[in-house]
$ cat coords_22.cif   # mmCIF, N, CA and C atoms
data_model
#
loop_
_atom_site.label_atom_id
_atom_site.label_comp_id
_atom_site.auth_asym_id
_atom_site.auth_seq_id
_atom_site.Cartn_x
_atom_site.Cartn_y
_atom_site.Cartn_z
N MET A 1 0.82 -1.17 0.00
CA MET A 1 0.00 0.00 0.00
C MET A 1 0.88 1.25 0.00
N GLY A 2 0.43 2.26 -0.71
CA GLY A 2 1.17 3.50 -0.78
C GLY A 2 0.79 4.45 0.34
N ASN A 3 1.44 5.58 0.35
CA ASN A 3 1.12 6.60 1.34
C ASN A 3 -0.16 7.32 0.93
N PHE A 4 -0.95 7.67 1.91
CA PHE A 4 -2.16 8.44 1.64
C PHE A 4 -1.87 9.91 1.86
N PRO A 5 -2.32 10.77 0.96
CA PRO A 5 -2.06 12.20 1.12
C PRO A 5 -2.83 12.76 2.30
N SER A 6 -2.26 13.75 2.93
CA SER A 6 -2.92 14.43 4.04
C SER A 6 -4.07 15.27 3.50
N THR A 7 -5.20 15.23 4.18
CA THR A 7 -6.35 16.02 3.75
C THR A 7 -6.34 17.40 4.39
N GLY A 8 -5.45 17.63 5.37
CA GLY A 8 -5.40 18.92 6.03
C GLY A 8 -6.46 19.07 7.12
N ASP A 9 -7.26 18.04 7.33
CA ASP A 9 -8.29 18.10 8.37
C ASP A 9 -7.65 17.92 9.73
N SER A 10 -8.20 18.61 10.72
CA SER A 10 -7.72 18.45 12.08
C SER A 10 -8.65 17.50 12.83
N ASP A 11 -8.19 17.05 13.97
CA ASP A 11 -9.03 16.21 14.80
C ASP A 11 -10.25 16.99 15.25
N ILE A 12 -11.37 16.30 15.37
CA ILE A 12 -12.61 16.92 15.81
C ILE A 12 -12.80 16.65 17.29
N GLN A 13 -13.22 17.67 18.03
CA GLN A 13 -13.55 17.53 19.44
C GLN A 13 -15.03 17.88 19.60
N ALA A 14 -15.77 17.00 20.27
CA ALA A 14 -17.19 17.24 20.51
C ALA A 14 -17.38 17.64 21.97
N VAL A 15 -18.20 18.68 22.18
CA VAL A 15 -18.50 19.15 23.53
C VAL A 15 -20.01 19.34 23.62
N THR A 16 -20.62 18.76 24.67
CA THR A 16 -22.06 18.90 24.89
C THR A 16 -22.30 19.71 26.15
N VAL A 17 -23.25 20.65 26.06
CA VAL A 17 -23.68 21.43 27.22
C VAL A 17 -25.20 21.36 27.33
N THR A 18 -25.70 21.54 28.55
CA THR A 18 -27.15 21.50 28.78
C THR A 18 -27.66 22.79 29.41
N ALA A 19 -26.78 23.80 29.48
CA ALA A 19 -27.17 25.10 30.03
C ALA A 19 -26.35 26.19 29.35
N THR A 20 -26.81 27.40 29.43
CA THR A 20 -26.11 28.55 28.87
C THR A 20 -24.72 28.66 29.48
N GLY A 21 -23.72 28.94 28.64
CA GLY A 21 -22.36 29.12 29.13
C GLY A 21 -21.33 28.85 28.06
N THR A 22 -20.08 28.74 28.49
CA THR A 22 -18.97 28.48 27.58
C THR A 22 -19.03 27.04 27.11
N VAL A 23 -18.94 26.86 25.79
CA VAL A 23 -18.89 25.53 25.22
C VAL A 23 -17.44 25.09 25.10
N LYS A 24 -16.60 25.97 24.56
CA LYS A 24 -15.17 25.65 24.39
C LYS A 24 -14.37 26.93 24.53
N GLN A 25 -13.34 26.89 25.38
CA GLN A 25 -12.50 28.07 25.61
C GLN A 25 -11.40 28.16 24.58
N GLY A 26 -10.92 29.38 24.39
CA GLY A 26 -9.81 29.62 23.47
C GLY A 26 -10.27 29.71 22.02
N ARG A 27 -9.33 30.03 21.17
CA ARG A 27 -9.60 30.12 19.73
C ARG A 27 -10.02 28.75 19.22
N THR A 28 -11.14 28.70 18.54
CA THR A 28 -11.66 27.42 18.06
C THR A 28 -12.58 27.64 16.87
N ARG A 29 -12.82 26.58 16.13
CA ARG A 29 -13.67 26.67 14.95
C ARG A 29 -14.78 25.62 15.04
N LEU A 30 -16.03 26.10 15.05
CA LEU A 30 -17.20 25.22 15.08
C LEU A 30 -17.49 24.73 13.68
N LYS A 31 -17.49 23.41 13.50
CA LYS A 31 -17.71 22.81 12.17
C LYS A 31 -19.14 22.29 12.01
N THR A 32 -19.67 21.73 13.09
CA THR A 32 -20.98 21.08 13.05
C THR A 32 -21.66 21.31 14.39
N LEU A 33 -22.99 21.37 14.37
CA LEU A 33 -23.72 21.47 15.63
C LEU A 33 -24.91 20.53 15.61
N ALA A 34 -25.27 20.09 16.80
CA ALA A 34 -26.44 19.24 16.98
C ALA A 34 -27.14 19.70 18.25
N LEU A 35 -28.45 19.59 18.27
CA LEU A 35 -29.18 19.97 19.48
C LEU A 35 -30.48 19.21 19.59
N LYS A 36 -30.99 19.20 20.81
CA LYS A 36 -32.31 18.64 21.09
C LYS A 36 -33.11 19.76 21.72
N SER A 37 -34.21 20.14 21.08
CA SER A 37 -35.03 21.23 21.60
C SER A 37 -36.02 20.69 22.63
N ALA A 38 -36.48 21.57 23.50
CA ALA A 38 -37.44 21.20 24.53
C ALA A 38 -38.82 20.98 23.90
N GLY A 39 -39.72 20.40 24.68
CA GLY A 39 -41.05 20.09 24.18
C GLY A 39 -41.99 21.27 24.14
N SER A 40 -41.57 22.41 24.71
CA SER A 40 -42.41 23.61 24.67
C SER A 40 -41.52 24.83 24.65
N GLY A 41 -42.12 25.98 24.49
CA GLY A 41 -41.36 27.23 24.43
C GLY A 41 -40.98 27.58 23.01
N SER A 42 -40.00 28.45 22.90
CA SER A 42 -39.50 28.92 21.60
C SER A 42 -38.01 28.60 21.52
N PRO A 43 -37.65 27.39 21.09
CA PRO A 43 -36.25 26.97 21.07
C PRO A 43 -35.37 27.89 20.22
N GLN A 44 -34.23 28.28 20.80
CA GLN A 44 -33.31 29.18 20.13
C GLN A 44 -31.92 28.99 20.73
N ILE A 45 -30.90 29.14 19.88
CA ILE A 45 -29.52 29.22 20.35
C ILE A 45 -28.91 30.51 19.83
N VAL A 46 -28.05 31.10 20.64
CA VAL A 46 -27.27 32.26 20.23
C VAL A 46 -25.82 31.94 20.55
N LEU A 47 -24.97 31.93 19.53
CA LEU A 47 -23.55 31.67 19.70
C LEU A 47 -22.80 32.99 19.60
N LYS A 48 -21.95 33.24 20.62
CA LYS A 48 -21.17 34.48 20.66
C LYS A 48 -19.70 34.15 20.85
N ASP A 49 -18.87 35.10 20.44
CA ASP A 49 -17.42 35.02 20.66
C ASP A 49 -17.15 35.60 22.05
N SER A 50 -17.44 34.84 23.09
CA SER A 50 -17.38 35.13 24.52
C SER A 50 -18.76 35.61 24.98
N ALA A 51 -18.98 35.61 26.29
CA ALA A 51 -20.29 35.94 26.84
C ALA A 51 -20.77 37.33 26.43
N THR A 52 -19.83 38.27 26.27
CA THR A 52 -20.20 39.64 25.91
C THR A 52 -19.73 40.02 24.51
N GLY A 53 -19.25 39.05 23.75
CA GLY A 53 -18.70 39.31 22.42
C GLY A 53 -19.76 39.38 21.34
N ALA A 54 -19.28 39.42 20.12
CA ALA A 54 -20.15 39.54 18.95
C ALA A 54 -20.97 38.26 18.76
N THR A 55 -22.22 38.46 18.34
CA THR A 55 -23.09 37.33 18.00
C THR A 55 -22.66 36.81 16.64
N LEU A 56 -22.33 35.50 16.57
CA LEU A 56 -21.88 34.90 15.33
C LEU A 56 -22.95 34.01 14.69
N LEU A 57 -23.92 33.56 15.50
CA LEU A 57 -25.02 32.74 14.97
C LEU A 57 -26.20 32.85 15.90
N ASP A 58 -27.39 33.05 15.34
CA ASP A 58 -28.63 33.14 16.11
C ASP A 58 -29.68 32.36 15.32
N MET A 59 -30.11 31.21 15.87
CA MET A 59 -31.05 30.34 15.16
C MET A 59 -32.21 29.93 16.05
N SER A 60 -33.39 29.81 15.44
CA SER A 60 -34.59 29.31 16.12
C SER A 60 -34.95 27.94 15.55
N PHE A 61 -35.64 27.13 16.36
CA PHE A 61 -35.95 25.75 15.98
C PHE A 61 -37.38 25.40 16.35
N ASN A 62 -37.84 24.24 15.87
CA ASN A 62 -39.15 23.70 16.25
C ASN A 62 -39.03 23.04 17.62
N THR A 63 -40.15 22.95 18.33
CA THR A 63 -40.15 22.25 19.62
C THR A 63 -40.06 20.75 19.40
N ALA A 64 -39.55 20.06 20.44
CA ALA A 64 -39.45 18.59 20.46
C ALA A 64 -38.80 18.04 19.19
N ASP A 65 -37.64 18.59 18.84
CA ASP A 65 -36.97 18.22 17.61
C ASP A 65 -35.49 17.96 17.87
N ASP A 66 -34.90 17.08 17.07
CA ASP A 66 -33.46 16.88 17.03
C ASP A 66 -32.97 17.57 15.77
N PHE A 67 -31.91 18.36 15.88
CA PHE A 67 -31.42 19.15 14.75
C PHE A 67 -29.92 18.93 14.62
N TYR A 68 -29.45 18.78 13.38
CA TYR A 68 -28.04 18.54 13.09
C TYR A 68 -27.70 19.30 11.82
N ILE A 69 -26.58 20.04 11.85
CA ILE A 69 -26.17 20.77 10.65
C ILE A 69 -24.64 20.83 10.56
N ASN A 70 -24.14 20.56 9.36
CA ASN A 70 -22.75 20.83 9.02
C ASN A 70 -22.69 22.27 8.55
N LEU A 71 -21.85 23.07 9.17
CA LEU A 71 -21.75 24.48 8.78
C LEU A 71 -20.97 24.59 7.47
N PRO A 72 -21.35 25.50 6.61
CA PRO A 72 -20.67 25.62 5.30
C PRO A 72 -19.25 26.16 5.44
N GLY A 73 -18.48 25.94 4.40
CA GLY A 73 -17.10 26.44 4.36
C GLY A 73 -16.26 25.86 5.47
N ALA A 74 -15.49 26.69 6.11
CA ALA A 74 -14.60 26.25 7.20
C ALA A 74 -15.29 26.32 8.55
N GLY A 75 -16.58 26.63 8.59
CA GLY A 75 -17.29 26.73 9.86
C GLY A 75 -17.23 28.14 10.42
N ILE A 76 -17.46 28.27 11.73
CA ILE A 76 -17.48 29.57 12.40
C ILE A 76 -16.27 29.66 13.32
N LEU A 77 -15.47 30.72 13.16
CA LEU A 77 -14.29 30.94 13.97
C LEU A 77 -14.65 31.76 15.21
N PHE A 78 -14.30 31.23 16.37
CA PHE A 78 -14.44 31.95 17.64
C PHE A 78 -13.02 32.32 18.07
N LYS A 79 -12.73 33.60 18.17
CA LYS A 79 -11.38 34.04 18.48
C LYS A 79 -11.06 33.98 19.97
N THR A 80 -12.09 34.09 20.82
CA THR A 80 -11.89 34.10 22.26
C THR A 80 -12.38 32.81 22.90
N GLU A 81 -13.64 32.49 22.66
CA GLU A 81 -14.28 31.26 23.16
C GLU A 81 -15.63 31.12 22.50
N CYS A 82 -16.15 29.93 22.47
CA CYS A 82 -17.50 29.69 21.97
C CYS A 82 -18.45 29.70 23.16
N HIS A 83 -19.34 30.67 23.19
CA HIS A 83 -20.33 30.81 24.26
C HIS A 83 -21.71 30.64 23.66
N VAL A 84 -22.57 29.83 24.31
CA VAL A 84 -23.91 29.61 23.80
C VAL A 84 -24.95 30.02 24.84
N THR A 85 -26.01 30.65 24.35
CA THR A 85 -27.21 30.92 25.16
C THR A 85 -28.28 29.98 24.66
N LEU A 86 -28.79 29.13 25.55
CA LEU A 86 -29.82 28.16 25.20
C LEU A 86 -31.16 28.63 25.74
N THR A 87 -32.16 28.65 24.86
CA THR A 87 -33.53 28.96 25.26
C THR A 87 -34.41 27.81 24.79
N ALA A 88 -35.03 27.11 25.73
CA ALA A 88 -35.89 25.96 25.42
C ALA A 88 -35.15 24.91 24.59
N VAL A 89 -33.87 24.71 24.92
CA VAL A 89 -33.03 23.69 24.28
C VAL A 89 -32.49 22.80 25.38
N SER A 90 -32.71 21.49 25.25
CA SER A 90 -32.28 20.53 26.28
C SER A 90 -30.78 20.27 26.25
N SER A 91 -30.22 20.18 25.04
CA SER A 91 -28.77 19.96 24.93
C SER A 91 -28.26 20.51 23.61
N PHE A 92 -27.01 20.95 23.64
CA PHE A 92 -26.32 21.49 22.47
C PHE A 92 -24.97 20.80 22.39
N THR A 93 -24.63 20.27 21.22
CA THR A 93 -23.31 19.68 21.01
C THR A 93 -22.63 20.41 19.86
N GLY A 94 -21.42 20.88 20.14
CA GLY A 94 -20.61 21.50 19.12
C GLY A 94 -19.47 20.59 18.74
N PHE A 95 -19.19 20.50 17.45
CA PHE A 95 -18.08 19.71 16.93
C PHE A 95 -17.05 20.69 16.42
N PHE A 96 -15.88 20.72 17.07
CA PHE A 96 -14.86 21.71 16.80
C PHE A 96 -13.66 21.07 16.14
N GLY A 97 -13.03 21.81 15.23
CA GLY A 97 -11.84 21.29 14.56
C GLY A 97 -10.94 22.39 14.09
#

$ encode --input "coords_22.cif" --output "structure tokens"
Amino acid sequence: MGNFPSTGDSDIQAVTVTATGTVKQGRTRLKTLALKSAGSGSPQIVLKDSATGATLLDMSFNTADDFYINLPGAGILFKTECHVTLTAVSSFTGFFG
């Protein structure tokens, strides 16, 4: 067997949170996200570059749903940390690389 060329991909780290707060500290890139929304309310996530930083993603969802998305391009770069605000969301998983 020959050598396989490097794809340039980095290892992926998955982090799950069940409450508002820091998902991953330090400079990081979110590639994929998954979540489970609550059975009532108005499910929403807001991703910021730190608790008081710029909003980089704000999405609403259906109730009682599982949601999974690969982010386009290279994903979302967080220069300080990935912070999430969960509203009527039971769990949020970020896949970072």

$ resolve_selection --input "coords_22.cif" --expression "the PyMOL selection byres ((chain A and resi 77) around 7)" --output "list in words"
Arg27, Thr28, Arg29, Leu30, Asp49, Ala74, Gly75, Ile76, Phe78, Lys79 and Thr80 of chain A

$ atom_distance --input "coords_22.cif" --atom1 "atom N of Ala88 in chain A" --atom2 "atom N of Gly41 in chain A"
7.3 Å

$ atom_distance --input "coords_22.cif" --atom1 "CA of Ser42 in chain A" --atom2 "CA of Lys24 in chain A"
24.7 Å

$ resolve_selection --input "coords_22.cif" --expression "the PyMOL selection byres (((chain A and resi 91 and name CA) around 6) and name CA)" --output "list in words"
Val17, Thr18, Leu35, Lys36, Val89, Ser90 and Phe92 of chain A

$ atom_distance --input "coords_22.cif" --atom1 "CA of Asp66 in chain A" --atom2 "CA of Gly53 in chain A"
27.4 Å

$ resolve_selection --input "coords_22.cif" --expression "the PyMOL selection byres ((chain A and resi 85) around 7)" --output "list in words"
Ala19, Thr20, Gly21, Gln44, Ile45, Val46, Leu47, Lys48, His83, Val84, Leu86 and Thr87 of chain A

$ residues_around --input "coords_22.cif" --residues "Thr63 in chain A" --least-positions-apart "4" --cutoff "6 Å" --atoms "all atoms listed in the file" --output "PyMOL selection string"
chain A and resi 37-40+43

$ axis_aligned_box --input "coords_22.cif" --around "range 56-60 of chain A" --padding-each-side "5 Å" --output "lines of an AutoDock Vina configuration file"
center_x = -28.4
center_y = 31.7
center_z = 15.6
size_x = 23.1
size_y = 17.6
size_z = 11.9

$ decode --input "coords_22.cif" --residues "range 23-39 of chain A" --atoms "all heavy atoms" --output "compact mmCIF listing (two decimals), in the first residue's frame"
# COMPACT_ATOMS: atom_id res chain seq x y z
N VAL A 23 -18.94 26.86 25.79
CA VAL A 23 -18.89 25.53 25.22
C VAL A 23 -17.44 25.09 25.10
O VAL A 23 -17.08 23.98 25.48
CB VAL A 23 -19.59 25.48 23.83
CG1 VAL A 23 -19.54 24.07 23.26
CG2 VAL A 23 -21.01 26.00 23.91
N LYS A 24 -16.60 25.97 24.56
CA LYS A 24 -15.17 25.65 24.39
C LYS A 24 -14.37 26.93 24.53
O LYS A 24 -14.68 27.93 23.89
CB LYS A 24 -14.94 25.02 23.02
CG LYS A 24 -13.55 24.44 22.83
CD LYS A 24 -13.58 23.36 21.79
CE LYS A 24 -12.29 22.64 21.54
NZ LYS A 24 -11.10 22.99 22.20
N GLN A 25 -13.34 26.89 25.38
CA GLN A 25 -12.50 28.07 25.61
C GLN A 25 -11.40 28.16 24.58
O GLN A 25 -11.02 27.17 23.97
CB GLN A 25 -11.88 28.00 27.01
CG GLN A 25 -12.89 28.13 28.11
CD GLN A 25 -12.25 28.14 29.48
OE1 GLN A 25 -11.08 27.79 29.65
NE2 GLN A 25 -13.02 28.55 30.47
N GLY A 26 -10.92 29.38 24.39
CA GLY A 26 -9.81 29.62 23.47
C GLY A 26 -10.27 29.71 22.02
O GLY A 26 -11.44 29.52 21.70
N ARG A 27 -9.33 30.03 21.17
CA ARG A 27 -9.60 30.12 19.73
C ARG A 27 -10.02 28.75 19.22
O ARG A 27 -9.31 27.76 19.43
CB ARG A 27 -8.36 30.62 19.01
CG ARG A 27 -8.56 30.86 17.54
CD ARG A 27 -7.24 31.36 16.93
NE ARG A 27 -7.34 31.48 15.50
CZ ARG A 27 -7.60 32.61 14.85
NH1 ARG A 27 -7.78 33.72 15.52
NH2 ARG A 27 -7.68 32.62 13.54
N THR A 28 -11.14 28.70 18.54
CA THR A 28 -11.66 27.42 18.06
C THR A 28 -12.58 27.64 16.87
O THR A 28 -13.06 28.74 16.64
CB THR A 28 -12.40 26.68 19.21
OG1 THR A 28 -12.68 25.35 18.81
CG2 THR A 28 -13.68 27.38 19.62
N ARG A 29 -12.82 26.58 16.13
CA ARG A 29 -13.67 26.67 14.95
C ARG A 29 -14.78 25.62 15.04
O ARG A 29 -14.52 24.43 15.13
CB ARG A 29 -12.85 26.45 13.68
CG ARG A 29 -13.62 26.73 12.40
CD ARG A 29 -12.72 26.64 11.19
NE ARG A 29 -11.68 27.64 11.17
CZ ARG A 29 -11.83 28.88 10.70
NH1 ARG A 29 -13.00 29.29 10.26
NH2 ARG A 29 -10.81 29.71 10.70
N LEU A 30 -16.03 26.10 15.05
CA LEU A 30 -17.20 25.22 15.08
C LEU A 30 -17.49 24.73 13.68
O LEU A 30 -17.69 25.52 12.76
CB LEU A 30 -18.41 25.96 15.65
CG LEU A 30 -19.70 25.18 15.75
CD1 LEU A 30 -19.59 24.05 16.77
CD2 LEU A 30 -20.85 26.12 16.14
N LYS A 31 -17.49 23.41 13.50
CA LYS A 31 -17.71 22.81 12.17
C LYS A 31 -19.14 22.29 12.01
O LYS A 31 -19.71 22.35 10.93
CB LYS A 31 -16.74 21.65 11.96
CG LYS A 31 -15.29 22.00 12.08
CD LYS A 31 -14.80 22.58 10.80
CE LYS A 31 -13.28 22.60 10.78
NZ LYS A 31 -12.77 22.54 9.46
N THR A 32 -19.67 21.73 13.09
CA THR A 32 -20.98 21.08 13.05
C THR A 32 -21.66 21.31 14.39
O THR A 32 -21.00 21.45 15.41
CB THR A 32 -20.81 19.56 12.82
OG1 THR A 32 -20.11 19.36 11.59
CG2 THR A 32 -22.14 18.84 12.75
N LEU A 33 -22.99 21.37 14.37
CA LEU A 33 -23.72 21.47 15.63
C LEU A 33 -24.91 20.53 15.61
O LEU A 33 -25.44 20.18 14.55
CB LEU A 33 -24.14 22.90 15.93
CG LEU A 33 -25.13 23.60 14.99
CD1 LEU A 33 -26.56 23.37 15.44
CD2 LEU A 33 -24.84 25.09 15.00
N ALA A 34 -25.27 20.09 16.80
CA ALA A 34 -26.44 19.24 16.98
C ALA A 34 -27.14 19.70 18.25
O ALA A 34 -26.49 20.18 19.19
CB ALA A 34 -26.03 17.78 17.11
N LEU A 35 -28.45 19.59 18.27
CA LEU A 35 -29.18 19.97 19.48
C LEU A 35 -30.48 19.21 19.59
O LEU A 35 -30.99 18.67 18.61
CB LEU A 35 -29.43 21.48 19.54
CG LEU A 35 -30.32 22.12 18.48
CD1 LEU A 35 -31.78 22.07 18.87
CD2 LEU A 35 -29.90 23.55 18.28
N LYS A 36 -30.99 19.20 20.81
CA LYS A 36 -32.31 18.64 21.09
C LYS A 36 -33.11 19.76 21.72
O LYS A 36 -32.72 20.30 22.76
CB LYS A 36 -32.22 17.45 22.03
CG LYS A 36 -33.57 16.86 22.34
CD LYS A 36 -33.44 15.49 22.96
CE LYS A 36 -34.76 14.81 23.11
NZ LYS A 36 -35.45 14.55 21.87
N SER A 37 -34.21 20.14 21.08
CA SER A 37 -35.03 21.23 21.60
C SER A 37 -36.02 20.69 22.63
O SER A 37 -36.37 19.51 22.63
CB SER A 37 -35.75 21.97 20.47
OG SER A 37 -36.59 21.09 19.76
N ALA A 38 -36.48 21.57 23.50
CA ALA A 38 -37.44 21.20 24.53
C ALA A 38 -38.82 20.98 23.90
O ALA A 38 -39.05 21.33 22.74
CB ALA A 38 -37.51 22.30 25.58
N GLY A 39 -39.72 20.40 24.68
CA GLY A 39 -41.05 20.09 24.18
C GLY A 39 -41.99 21.27 24.14
O GLY A 39 -43.10 21.17 23.60
